[in-house]
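Raw query_5.cif, mmCIF, C-alpha atoms:
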data_coords
loop_
_atom_site.label_atom_id
_atom_site.label_comp_id
_atom_site.auth_asym_id
_atom_site.auth_seq_id
_atom_site.Cartn_x
_atom_site.Cartn_y
_atom_site.Cartn_z
CA LEU W 1 106.13 69.36 131.23
CA VAL W 2 104.58 69.94 134.61
CA ILE W 3 105.47 67.30 137.18
CA LEU W 4 102.49 66.57 139.42
CA ILE W 5 102.80 63.92 142.05
CA HIS W 6 100.52 62.15 144.47
CA ILE W 7 101.94 59.84 147.12
CA GLU W 8 99.69 57.59 149.21
CA ILE W 9 97.32 60.11 150.74
CA GLU W 10 93.92 58.52 150.79
CA ALA W 11 92.28 61.75 151.90
CA PHE W 12 93.23 63.48 148.66
CA SER W 13 91.42 63.03 145.38
CA THR W 14 93.41 62.45 142.21
CA THR W 15 90.89 64.24 140.04
CA THR W 16 91.62 67.53 138.35
CA THR W 17 90.90 70.54 140.54
CA LYS W 18 88.67 73.07 138.83
CA THR W 19 89.70 76.68 139.39
CA SER W 20 88.49 79.97 138.09
CA SER W 21 91.80 81.24 136.68
CA LYS W 22 93.46 80.21 133.43
CA SER W 23 96.07 78.08 135.17
CA SER W 24 95.34 74.40 135.58
CA VAL W 25 95.91 72.21 138.59
CA ARG W 26 96.17 68.44 138.38
CA THR W 27 97.42 65.53 140.45
CA ASN W 28 98.76 62.27 139.13
CA ASN W 29 100.00 59.11 140.77
CA ILE W 30 103.75 58.76 141.16
CA PRO W 31 105.30 56.14 138.84
CA LYS W 32 105.54 52.71 140.47
CA ASN W 33 109.21 52.40 139.52
CA TYR W 34 110.15 55.61 141.35
CA ASN W 35 113.13 54.90 143.63
CA HIS W 36 111.93 55.98 147.07
CA PRO W 37 114.41 56.37 149.91
CA GLN W 38 114.37 53.58 152.48
CA GLN W 39 111.23 53.79 154.58
CA ARG W 40 111.84 55.07 158.07
CA ARG W 41 110.78 52.74 160.88
CA THR W 42 110.97 55.13 163.79
CA ARG W 43 108.15 57.66 163.84
CA ILE W 44 108.91 61.07 165.21
CA HIS W 45 105.36 61.11 166.58
CA GLU W 46 106.51 58.53 169.09
CA ARG W 47 109.09 60.78 170.68
CA ARG W 48 109.63 64.39 171.54
CA THR W 49 112.93 65.89 170.53
CA SER W 50 114.28 69.18 171.79
CA SER W 51 115.03 71.64 169.01
CA ALA W 52 118.22 72.56 170.84
CA LEU W 53 119.74 69.36 169.47
CA PHE W 54 119.39 70.55 165.91
CA THR W 55 121.50 73.35 164.45
CA THR W 56 122.37 73.88 160.82
CA SER W 57 126.05 73.80 160.06
CA THR W 58 125.70 77.03 158.13
CA ALA W 59 124.42 78.82 161.23
CA VAL W 60 127.45 77.62 163.19
CA ALA W 61 129.75 78.65 160.38
CA ALA W 62 128.14 82.08 160.22
CA GLN W 63 128.65 82.64 163.93
CA GLN W 64 132.29 81.58 163.67
CA GLN W 65 132.82 83.82 160.69
CA ASP W 66 131.24 86.85 162.31
CA GLY W 67 133.33 86.45 165.44
CA SER W 68 131.33 89.23 167.00
CA ALA W 69 129.57 87.44 169.84
CA SER W 70 128.43 90.50 171.72
CA SER W 71 126.69 90.47 175.06
CA ASN W 72 123.38 90.27 173.23
CA THR W 73 124.44 87.15 171.34
CA GLN W 74 123.72 84.99 174.36
CA ASN W 75 120.04 85.69 173.75
CA ASN W 76 120.23 84.35 170.20
CA LYS W 77 119.23 80.90 171.36
CA GLN W 78 116.27 82.25 173.28
CA PRO W 79 112.91 82.34 171.47
CA ILE W 80 111.56 85.66 170.28
CA GLN W 81 108.00 86.78 170.91
CA LEU W 82 106.75 87.34 167.36
CA SER W 83 104.18 89.87 166.23
CA MET W 84 100.97 88.03 165.45
CA MET W 85 97.57 88.96 164.06
CA GLU W 86 94.27 87.20 163.60
CA TYR W 87 92.89 87.78 160.14
CA THR W 88 89.32 87.05 161.17
CA THR W 89 87.20 87.76 164.22
CA THR W 90 86.09 84.45 165.71
CA THR W 91 82.98 84.18 167.85
CA SER W 92 81.92 80.58 168.38
CA SER W 93 84.41 78.32 166.63
CA SER W 94 83.94 74.67 167.48
CA ASP W 95 86.53 72.86 169.56
CA LYS W 96 87.41 70.72 166.54
CA SER W 97 88.44 73.68 164.39
CA THR W 98 92.22 73.70 164.54
CA PRO W 99 93.63 77.20 163.95
CA ILE W 100 95.40 77.91 160.66
CA LEU W 101 98.75 79.72 160.79
CA PHE W 102 100.29 81.53 157.80
CA LEU W 103 104.05 82.15 157.62
CA HIS W 104 105.50 84.56 155.06
CA GLY W 105 108.68 84.41 152.99
CA LEU W 106 111.91 86.42 152.94
CA LEU W 107 111.34 90.20 152.92
CA GLY W 108 107.63 89.59 153.52
CA SER W 109 105.31 90.04 156.48
CA LYS W 110 102.10 88.67 157.95
CA ARG W 111 100.15 91.26 155.96
CA ASN W 112 101.08 89.47 152.72
CA PHE W 113 98.33 86.95 153.47
CA ASN W 114 95.69 89.43 154.62
CA SER W 115 93.50 89.17 151.53
CA LEU W 116 94.01 85.44 151.00
CA ALA W 117 93.31 84.56 154.64
CA THR W 118 90.22 86.73 154.80
CA THR W 119 88.79 85.14 151.66
CA LEU W 120 89.69 81.68 152.96
CA SER W 121 87.66 82.29 156.10
CA HIS W 122 84.54 82.81 153.95
CA LEU W 123 85.17 79.65 151.92
CA LEU W 124 85.60 77.27 154.85
CA SER W 125 82.59 75.46 156.25
CA ASP W 126 83.49 76.76 159.73
CA LYS W 127 83.30 80.53 159.22
CA ASN W 128 84.72 81.11 162.70
CA ARG W 129 87.83 78.99 162.31
CA PRO W 130 90.80 80.99 163.69
CA ILE W 131 93.27 82.08 160.99
CA LEU W 132 96.51 83.58 162.26
CA GLY W 133 99.62 85.17 160.80
CA MET W 134 103.04 85.95 162.25
CA ASP W 135 105.96 88.18 161.36
CA LEU W 136 109.06 85.98 161.54
CA ARG W 137 112.15 87.36 163.29
CA ASN W 138 113.82 90.29 161.48
CA HIS W 139 110.61 90.92 159.53
CA GLY W 140 107.55 93.13 159.86
CA GLU W 141 106.81 94.18 163.41
CA SER W 142 108.72 91.37 165.12
CA PRO W 143 111.97 91.88 167.07
CA THR W 144 115.36 91.27 165.51
CA GLY W 145 117.78 88.42 166.14
CA GLU W 146 121.32 87.74 164.95
CA SER W 147 120.73 84.14 163.89
CA MET W 148 118.08 82.94 161.45
CA SER W 149 118.56 79.20 161.72
CA TYR W 150 115.37 77.31 161.06
CA ASP W 151 115.34 75.55 164.42
CA LEU W 152 115.39 78.93 166.17
CA MET W 153 112.68 80.38 163.95
CA ALA W 154 110.51 77.32 164.59
CA HIS W 155 111.08 77.79 168.31
CA ASP W 156 109.96 81.43 167.96
CA VAL W 157 106.66 80.26 166.47
CA ILE W 158 106.02 77.69 169.20
CA HIS W 159 106.89 80.22 171.91
CA THR W 160 104.51 82.79 170.40
CA LEU W 161 101.70 80.24 170.09
CA ASP W 162 102.20 79.25 173.74
CA GLN W 163 101.95 82.87 174.81
CA HIS W 164 98.89 83.49 172.65
CA PHE W 165 96.96 80.49 173.94
CA SER W 166 98.22 80.66 177.54
CA SER W 167 95.00 82.26 178.76
CA SER W 168 92.80 79.63 177.11
CA SER W 169 92.14 76.04 178.03
CA GLU W 170 94.02 74.87 174.94
CA GLU W 171 97.42 73.91 176.34
CA ASN W 172 99.91 72.97 173.59
CA GLN W 173 97.43 74.13 170.95
CA LYS W 174 97.84 72.41 167.59
CA VAL W 175 97.80 74.39 164.34
CA VAL W 176 97.69 73.73 160.62
CA VAL W 177 100.62 75.71 159.27
CA VAL W 178 100.83 77.19 155.76
CA GLY W 179 104.23 78.59 154.81
CA HIS W 180 105.55 80.30 151.70
CA SER W 181 109.21 80.25 150.63
CA MET W 182 111.36 80.87 153.73
CA GLY W 183 108.15 80.52 155.76
CA GLY W 184 107.69 77.16 154.07
CA LYS W 185 111.03 75.98 155.47
CA VAL W 186 110.03 77.26 158.91
CA ALA W 187 106.72 75.41 158.57
CA ALA W 188 108.51 72.21 157.55
CA SER W 189 110.87 72.65 160.51
CA LEU W 190 107.90 72.98 162.85
CA ALA W 191 106.45 69.70 161.61
CA LEU W 192 109.75 67.87 162.03
CA LEU W 193 110.74 69.35 165.41
CA TYR W 194 107.31 69.77 167.02
CA PRO W 195 105.06 67.17 165.33
CA GLU W 196 102.76 67.03 168.35
CA ARG W 197 101.85 70.68 167.69
CA ILE W 198 101.24 70.43 163.95
CA ASP W 199 97.90 69.12 162.69
CA GLY W 200 98.69 69.68 159.02
CA LEU W 201 101.30 71.26 156.76
CA VAL W 202 101.03 73.16 153.48
CA VAL W 203 104.24 74.40 151.83
CA LEU W 204 104.00 76.97 149.04
CA ASP W 205 106.79 76.69 146.45
CA MET W 206 109.71 75.60 148.61
CA ALA W 207 111.53 72.33 149.25
CA PRO W 208 112.98 71.18 152.60
CA ALA W 209 116.42 71.27 151.03
CA TRP W 210 119.72 73.12 150.83
CA TYR W 211 119.99 75.55 147.91
CA ASP W 212 123.43 76.35 146.53
CA GLY W 213 124.83 78.75 143.99
CA ASP W 214 123.85 76.46 141.14
CA CYS W 215 120.16 76.98 141.92
CA VAL W 216 119.02 79.81 139.67
CA ALA W 217 115.95 80.54 141.78
CA TRP W 218 117.92 80.91 145.01
CA SER W 219 120.69 82.89 143.28
CA ALA W 220 118.11 85.48 142.24
CA VAL W 221 116.90 85.85 145.84
CA ARG W 222 120.48 86.07 147.10
CA ASP W 223 121.33 88.77 144.56
CA ILE W 224 118.32 90.85 145.61
CA VAL W 225 119.26 90.81 149.30
CA GLN W 226 122.91 91.49 148.53
CA SER W 227 121.91 94.46 146.38
CA LEU W 228 119.67 95.89 149.10
CA ALA W 229 122.53 95.65 151.60
CA THR W 230 125.34 96.93 149.42
CA LYS W 231 124.02 98.92 146.45
CA VAL W 232 121.21 101.06 147.85
CA ASP W 233 122.40 104.29 149.49
CA MET W 234 119.69 105.13 151.98
CA THR W 235 121.49 108.28 153.17
CA SER W 236 120.76 109.93 149.82
CA CYS W 237 117.05 109.09 149.93
CA THR W 238 114.35 111.20 151.54
CA THR W 239 111.27 109.52 150.04
CA LYS W 240 110.22 106.03 149.03
CA ARG W 241 110.35 107.20 145.42
CA ASP W 242 114.07 107.92 145.80
CA VAL W 243 114.61 104.33 146.91
CA ASP W 244 112.47 103.11 144.04
CA LEU W 245 114.68 104.98 141.54
CA GLN W 246 117.78 103.31 142.96
CA LEU W 247 116.12 99.92 142.82
CA ARG W 248 115.00 100.13 139.19
CA PRO W 249 118.34 99.05 137.65
CA ILE W 250 118.55 96.23 140.20
CA LEU W 251 114.90 95.10 140.12
CA PRO W 252 113.30 95.91 136.76
CA ASP W 253 110.08 94.08 137.73
CA PRO W 254 107.77 96.78 139.18
CA ALA W 255 105.73 94.23 141.18
CA LEU W 256 108.84 92.80 142.84
CA ARG W 257 110.13 96.31 143.47
CA ALA W 258 106.86 97.30 145.12
CA PHE W 259 107.09 94.20 147.32
CA VAL W 260 110.60 95.15 148.47
CA LEU W 261 109.48 98.74 149.11
CA THR W 262 106.98 97.53 151.71
CA ASN W 263 110.04 97.30 153.96
CA ILE W 264 110.69 101.05 153.83
CA GLU W 265 109.61 103.33 156.68
CA SER W 266 109.40 107.11 156.55
CA SER W 267 110.15 109.52 159.38
CA LYS W 268 111.17 113.09 160.11
CA ASP W 269 114.37 114.23 161.76
CA SER W 270 114.74 116.91 164.43
CA SER W 271 114.59 119.59 161.73
CA ASN W 272 111.33 118.16 160.38
CA ASN W 273 113.06 116.91 157.23
CA ASN W 274 111.86 113.72 155.57
CA SER W 275 114.00 110.61 155.80
CA VAL W 276 113.56 106.93 154.94
CA ASP W 277 115.21 103.77 156.11
CA TRP W 278 114.75 100.03 156.07
CA SER W 279 112.20 98.78 158.60
CA ILE W 280 114.04 95.45 158.72
CA PRO W 281 117.72 94.68 159.44
CA VAL W 282 118.88 94.21 155.85
CA SER W 283 122.50 93.70 156.93
CA THR W 284 121.47 90.79 159.17
CA LEU W 285 119.51 89.17 156.35
CA HIS W 286 122.54 89.61 154.13
CA HIS W 287 124.85 87.94 156.65
CA GLN W 288 122.40 85.09 157.20
CA LEU W 289 121.90 84.20 153.52
CA SER W 290 123.92 80.98 153.80
CA THR W 291 121.82 79.94 156.79
CA LEU W 292 118.58 80.72 154.97
CA ALA W 293 119.75 78.73 151.95
CA GLY W 294 120.16 75.68 154.18
CA PHE W 295 117.83 73.55 156.22
CA LEU W 296 117.85 71.44 159.36
CA GLU W 297 120.38 68.69 160.00
CA LEU W 298 118.36 65.82 161.42
CA PRO W 299 118.90 62.19 162.39
CA GLU W 300 117.77 59.74 159.73
CA GLU W 301 114.78 58.53 161.71
CA VAL W 302 113.15 61.96 161.95
CA GLU W 303 110.05 62.40 159.81
CA TYR W 304 106.58 63.89 159.99
CA THR W 305 103.91 61.33 159.13
CA GLY W 306 100.93 63.66 158.88
CA ASP W 307 99.40 64.73 155.57
CA VAL W 308 101.62 67.30 153.83
CA PHE W 309 100.69 69.33 150.76
CA PHE W 310 103.33 70.98 148.58
CA ILE W 311 102.00 73.52 146.06
CA ALA W 312 104.53 74.56 143.43
CA GLY W 313 104.50 77.36 140.88
CA GLY W 314 104.82 76.02 137.35
CA GLN W 315 107.10 78.90 136.35
CA SER W 316 109.22 78.60 139.48
CA LYS W 317 112.35 76.49 139.99
CA PHE W 318 112.26 76.11 143.78
CA ILE W 319 110.79 72.58 143.74
CA ARG W 320 112.66 70.31 141.33
CA SER W 321 112.67 66.60 140.67
CA THR W 322 116.01 66.41 142.50
CA HIS W 323 114.19 67.42 145.71
CA LEU W 324 111.81 64.47 145.64
CA PRO W 325 113.99 62.09 147.69
CA GLU W 326 114.35 64.65 150.49
CA ILE W 327 110.65 65.42 150.48
CA GLN W 328 109.79 61.72 150.61
CA THR W 329 112.30 61.12 153.40
CA TYR W 330 110.97 63.85 155.69
CA PHE W 331 107.31 63.65 154.69
CA PRO W 332 106.31 60.14 153.56
CA ASN W 333 102.60 61.10 153.35
CA HIS W 334 102.80 64.03 150.99
CA MET W 335 101.30 65.30 147.79
CA ILE W 336 102.82 67.76 145.32
CA THR W 337 100.64 69.82 143.02
CA THR W 338 101.80 72.39 140.48
CA ILE W 339 99.82 75.46 139.46
CA ARG W 340 100.64 75.91 135.82
CA GLY W 341 101.49 79.49 134.87
CA ALA W 342 102.22 80.70 138.40
CA GLY W 343 105.64 81.77 139.63
CA HIS W 344 107.21 81.77 143.08
CA TRP W 345 104.64 84.18 144.54
CA LEU W 346 101.82 81.87 143.51
CA HIS W 347 99.45 83.03 146.27
CA ALA W 348 99.59 86.52 144.74
CA GLU W 349 99.65 85.42 141.09
CA ALA W 350 97.03 82.66 141.30
CA PRO W 351 95.06 83.28 144.50
CA ASP W 352 91.91 81.49 143.31
CA ASP W 353 93.87 78.33 142.58
CA VAL W 354 95.69 78.46 145.91
CA LEU W 355 92.43 79.04 147.77
CA ALA W 356 90.69 76.12 146.03
CA LEU W 357 93.59 73.82 146.95
CA LEU W 358 93.74 75.05 150.54
CA VAL W 359 90.02 74.47 151.04
CA LYS W 360 90.34 70.99 149.56
CA TYR W 361 93.20 70.16 151.93
CA LEU W 362 91.72 71.75 155.05
CA GLU W 363 88.34 70.06 154.62
CA ARG W 364 89.57 66.69 153.35
#

Rewrite the structure of this file - the entire thing - as structure tokens.
Amino acid sequence: LVILIHIEIEAFSTTTTKTSSKSSVRTNNIPKNYNHPQQRRTRIHERRTSSALFTTSTAVAAQQQDGSASSNTQNNKQPIQLSMMEYTTTTSSSDKSTPILFLHGLLGSKRNFNSLATTLSHLLSDKNRPILGMDLRNHGESPTGESMSYDLMAHDVIHTLDQHFSSSSEENQKVVVVGHSMGGKVAASLALLYPERIDGLVVLDMAPAWYDGDCVAWSAVRDIVQSLATKVDMTSCTTKRDVDLQLRPILPDPALRAFVLTNIESSKDSSNNNSVDWSIPVSTLHHQLSTLAGFLELPEEVEYTGDVFFIAGGQSKFIRSTHLPEIQTYFPNHMITTIRGAGHWLHAEAPDDVLALLVKYLER
């Protein structure tokens, strides 16, 4: 059975969403006897909290375990200027059109949303609404960083937005953030740590929760990253095809393998011989897996009271019924919708459904 939940968001309709693909999308009211966590009285909107106060225990443990605090480590707590792109060319967007920001998942990049974001721009009533994408630290064209705690990655995003809008009249520009997987946790962190900067939140197939070894979905991701770091011999590869051949026993799924191979870069050595290597620091991602599996540690009163939309893949296991109390605690005004038949990469597997839901949320 597909669990589809709607919690006290008057702006959302509870009718079935019609989409062009074979998957179906529905929303139902949550049962009245559902045991919600105690309602929070203090609203995070009423106070500003520095992200420096929040650090995941896994990030601290990872730093203690590494024991290699080099001279560059002191910069780990400093925000990184991320690589950003605008998917559409805006000309005369109205002042009321809040920019939309897409954040990718682990091993992804801002280009993962290129097609979806471009199509979205044509479906919105404001054709000139800014739609942005960023490469998170240690991904795509962004710089590297030793730590990947979610408070630091959220700080990276805010720092990059501040730099991007510094020349405009929009000081402390708000955005509607859409995040997938790891990017969904970064997006959720942004809403909880910087609520005054977030005008809306959409999370694609991820819960604001800690995933352990018992979670089959997370274990699969962990195994992939571990294999990339320990089982692929890049010194014996001269072409992307060579890497692909090594990956086949590890990743039988050709689509997933092609996704991983987007992180391969080719070059020539001094003798003009071909060589390939990872374009991202795979060893860092490997060492930070426990941090990425975690989430923020926050005081009980912290919550984001804006409208939040969780979109789950029906064939994915990343959002489970056991996550509902945490979701309700952090985001009391949320809705969860499941796209039946879609997996974890639902924006690639069911783009029409995701687009229809995004438009409905953005223009509610």

Quick one: everything within 12 Å of Leu245 (chain W), counting all atoms listed in the file, minus sequence neighbours fewer than 3 positions away in the same chain. Send it as JSON, numbers by chain. {"W": [232, 233, 234, 236, 237, 238, 239, 240, 241, 242, 248, 249, 250, 251, 252, 254, 257, 258, 261]}

Who sits within 8 Å of region 108-117 of chain W, all atoms listed in the file, same chain under 5 positions skipped, as a PyMOL selection string: chain W and resi 84-85+87+102-103+131+133-136+139-140+259+347+351+355

Taking C-alpha atoms for each residue, export the selection above as a compact mmCIF listing (two decimals), keeping the file's coordinate frame.
# COMPACT_ATOMS: atom_id res chain seq x y z
CA MET W 84 100.97 88.03 165.45
CA MET W 85 97.57 88.96 164.06
CA TYR W 87 92.89 87.78 160.14
CA PHE W 102 100.29 81.53 157.80
CA LEU W 103 104.05 82.15 157.62
CA ILE W 131 93.27 82.08 160.99
CA GLY W 133 99.62 85.17 160.80
CA MET W 134 103.04 85.95 162.25
CA ASP W 135 105.96 88.18 161.36
CA LEU W 136 109.06 85.98 161.54
CA HIS W 139 110.61 90.92 159.53
CA GLY W 140 107.55 93.13 159.86
CA PHE W 259 107.09 94.20 147.32
CA HIS W 347 99.45 83.03 146.27
CA PRO W 351 95.06 83.28 144.50
CA LEU W 355 92.43 79.04 147.77

Give me the result of the PyMOL selection byres ((chain W and resi 322) around 12) on this file, residue by residue, as JSON, numbers by chain. {"W": [3, 35, 207, 208, 209, 210, 211, 215, 317, 318, 319, 320, 321, 323, 324, 325, 326, 327, 328]}

Which is closest to Asp307 (chain W) among W:Ile280, W:Thr338, W:Ile198, W:Gly183, if we use all atoms listed in the file? W:Ile198

Residue among W:Pro332, W:Pro143, W:Gly213, W:Gly341 lying closest to Ser290 (chain W), counting all atoms listed in the file: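 Checking each candidate against Ser290 (chain W), we get W:Gly213 as the closest.
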
Coordinates-based distance that separates CA of Thr119 (chain W) from CA of Ala350 (chain W) (Å, one decimal):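 The value is 13.5 Å.
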
Nearest to Val221 (chain W): which of W:Asn128, W:Ser121, W:Ser189, W:Ser181 is it, counting only C-alpha atoms? W:Ser181

Please enumerate the residues selected by the PyMOL selection byres ((chain W and resi 305) around 10) when evaluated against the supplied file, formatted as a ChimeraX atom specification. /W:43-45,191-192,195,200,302-304,306-308,330-334

Computed interatomic separation between CA of Gly343 (chain W) and CA of Trp218 (chain W) (Å):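 Value for the CA of Gly343 (chain W)-CA of Trp218 (chain W) distance: 13.4 Å.
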
Tell me which residues the PyMOL selection byres ((chain W and resi 287) around 10) grabs here, as a ChimeraX atom specification. /W:62-63,65-66,146-148,225-226,229,282-286,288-292

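Computed from the coordinates, the CA of Gly294 (chain W) to CA of Ser219 (chain W) distance equals 13.1 Å.
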
May I have the residues within 9 Å of Phe310 (chain W) as a list in words, using all atoms listed in the file and disregarding those fewer than 3 positions away in the same chain? Leu201, Val202, Val203, Leu204, Asp205, Met206, Ala207, His334, Met335, Ile336, Thr337 and Thr338 of chain W

Hey, which of W:Thr89, W:Gln163, W:Glu141, W:Arg364 ends up closest to Glu265 (chain W)? Count all atoms listed in the file.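 Looking only at the distances to Glu265 (chain W), the closest residue turns out to be W:Glu141.
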
Could you put an axis-aligned box around every listed atom of region 185-199 of chain W, padded by 8 Å on each side, and send me its centre and edge lengths in Å to one decimal, as AutoDock Vina command-line options?
--center_x 104.5 --center_y 72.1 --center_z 161.9 --size_x 29.1 --size_y 26.2 --size_z 28.9

Looking at all atoms listed in the file, which of W:Leu120, W:Ala217, W:Ile80, W:Ile100 is the one that sits closest to Asp353 (chain W)? W:Leu120

Give me the residues near Leu161 (chain W) as a PDB file with C-alpha atoms, in the coordinates of the input, where near means some atom within 9 Å (using all atoms listed in the file) and where sequence neighbours in that chain fewer than 4 positions away do not count.
ATOM      1  CA  ASP W 156     109.960  81.430 167.960  1.00  0.00           C
ATOM      2  CA  VAL W 157     106.660  80.260 166.470  1.00  0.00           C
ATOM      3  CA  PHE W 165      96.960  80.490 173.940  1.00  0.00           C
ATOM      4  CA  SER W 166      98.220  80.660 177.540  1.00  0.00           C
ATOM      5  CA  ASN W 172      99.910  72.970 173.590  1.00  0.00           C
ATOM      6  CA  GLN W 173      97.430  74.130 170.950  1.00  0.00           C
TER       7      GLN W 173
END

Kindly output region 219-226 of chain W as a PDB file, keeping the file's coordinate frame, after building all heavy atoms.
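Writing done, so here's selection-v7.pdb:
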ATOM      1  N   SER W 219     119.698  81.866 143.645  1.00  0.00           N
ATOM      2  CA  SER W 219     120.690  82.890 143.280  1.00  0.00           C
ATOM      3  C   SER W 219     120.025  84.234 143.048  1.00  0.00           C
ATOM      4  O   SER W 219     120.579  85.283 143.412  1.00  0.00           O
ATOM      5  CB  SER W 219     121.464  82.452 142.027  1.00  0.00           C
ATOM      6  OG  SER W 219     122.221  81.288 142.278  1.00  0.00           O
ATOM      7  N   ALA W 220     118.836  84.223 142.467  1.00  0.00           N
ATOM      8  CA  ALA W 220     118.110  85.480 142.240  1.00  0.00           C
ATOM      9  C   ALA W 220     117.725  86.137 143.555  1.00  0.00           C
ATOM     10  O   ALA W 220     117.846  87.352 143.716  1.00  0.00           O
ATOM     11  CB  ALA W 220     116.861  85.204 141.391  1.00  0.00           C
ATOM     12  N   VAL W 221     117.256  85.323 144.521  1.00  0.00           N
ATOM     13  CA  VAL W 221     116.900  85.850 145.840  1.00  0.00           C
ATOM     14  C   VAL W 221     118.143  86.407 146.537  1.00  0.00           C
ATOM     15  O   VAL W 221     118.126  87.493 147.117  1.00  0.00           O
ATOM     16  CB  VAL W 221     116.252  84.751 146.700  1.00  0.00           C
ATOM     17  CG1 VAL W 221     116.049  85.238 148.126  1.00  0.00           C
ATOM     18  CG2 VAL W 221     114.933  84.321 146.090  1.00  0.00           C
ATOM     19  N   ARG W 222     119.224  85.646 146.481  1.00  0.00           N
ATOM     20  CA  ARG W 222     120.480  86.070 147.100  1.00  0.00           C
ATOM     21  C   ARG W 222     120.956  87.406 146.519  1.00  0.00           C
ATOM     22  O   ARG W 222     121.371  88.314 147.260  1.00  0.00           O
ATOM     23  CB  ARG W 222     121.541  84.995 146.882  1.00  0.00           C
ATOM     24  CG  ARG W 222     122.914  85.315 147.474  1.00  0.00           C
ATOM     25  CD  ARG W 222     123.962  84.419 146.851  1.00  0.00           C
ATOM     26  NE  ARG W 222     124.021  84.632 145.399  1.00  0.00           N
ATOM     27  CZ  ARG W 222     124.515  83.750 144.545  1.00  0.00           C
ATOM     28  NH1 ARG W 222     124.959  82.586 144.982  1.00  0.00           N
ATOM     29  NH2 ARG W 222     124.544  84.018 143.238  1.00  0.00           N
ATOM     30  N   ASP W 223     120.877  87.538 145.205  1.00  0.00           N
ATOM     31  CA  ASP W 223     121.330  88.770 144.560  1.00  0.00           C
ATOM     32  C   ASP W 223     120.490  89.972 144.992  1.00  0.00           C
ATOM     33  O   ASP W 223     121.011  91.086 145.139  1.00  0.00           O
ATOM     34  CB  ASP W 223     121.279  88.619 143.040  1.00  0.00           C
ATOM     35  CG  ASP W 223     122.310  87.608 142.523  1.00  0.00           C
ATOM     36  OD1 ASP W 223     123.236  87.260 143.292  1.00  0.00           O
ATOM     37  OD2 ASP W 223     122.173  87.171 141.364  1.00  0.00           O
ATOM     38  N   ILE W 224     119.186  89.752 145.175  1.00  0.00           N
ATOM     39  CA  ILE W 224     118.320  90.850 145.610  1.00  0.00           C
ATOM     40  C   ILE W 224     118.730  91.340 146.989  1.00  0.00           C
ATOM     41  O   ILE W 224     118.905  92.544 147.220  1.00  0.00           O
ATOM     42  CB  ILE W 224     116.840  90.394 145.613  1.00  0.00           C
ATOM     43  CG1 ILE W 224     116.350  90.190 144.188  1.00  0.00           C
ATOM     44  CG2 ILE W 224     115.966  91.425 146.334  1.00  0.00           C
ATOM     45  CD1 ILE W 224     114.954  89.587 144.112  1.00  0.00           C
ATOM     46  N   VAL W 225     118.902  90.424 147.929  1.00  0.00           N
ATOM     47  CA  VAL W 225     119.260  90.810 149.300  1.00  0.00           C
ATOM     48  C   VAL W 225     120.637  91.447 149.336  1.00  0.00           C
ATOM     49  O   VAL W 225     120.856  92.457 150.030  1.00  0.00           O
ATOM     50  CB  VAL W 225     119.189  89.597 150.237  1.00  0.00           C
ATOM     51  CG1 VAL W 225     119.644  89.974 151.643  1.00  0.00           C
ATOM     52  CG2 VAL W 225     117.773  89.036 150.276  1.00  0.00           C
ATOM     53  N   GLN W 226     121.581  90.903 148.582  1.00  0.00           N
ATOM     54  CA  GLN W 226     122.910  91.490 148.530  1.00  0.00           C
ATOM     55  C   GLN W 226     122.868  92.912 147.977  1.00  0.00           C
ATOM     56  O   GLN W 226     123.563  93.810 148.471  1.00  0.00           O
ATOM     57  CB  GLN W 226     123.840  90.626 147.674  1.00  0.00           C
ATOM     58  CG  GLN W 226     124.253  89.320 148.328  1.00  0.00           C
ATOM     59  CD  GLN W 226     125.146  88.479 147.445  1.00  0.00           C
ATOM     60  OE1 GLN W 226     125.195  88.668 146.229  1.00  0.00           O
ATOM     61  NE2 GLN W 226     125.846  87.521 148.051  1.00  0.00           N
TER      62      GLN W 226
END
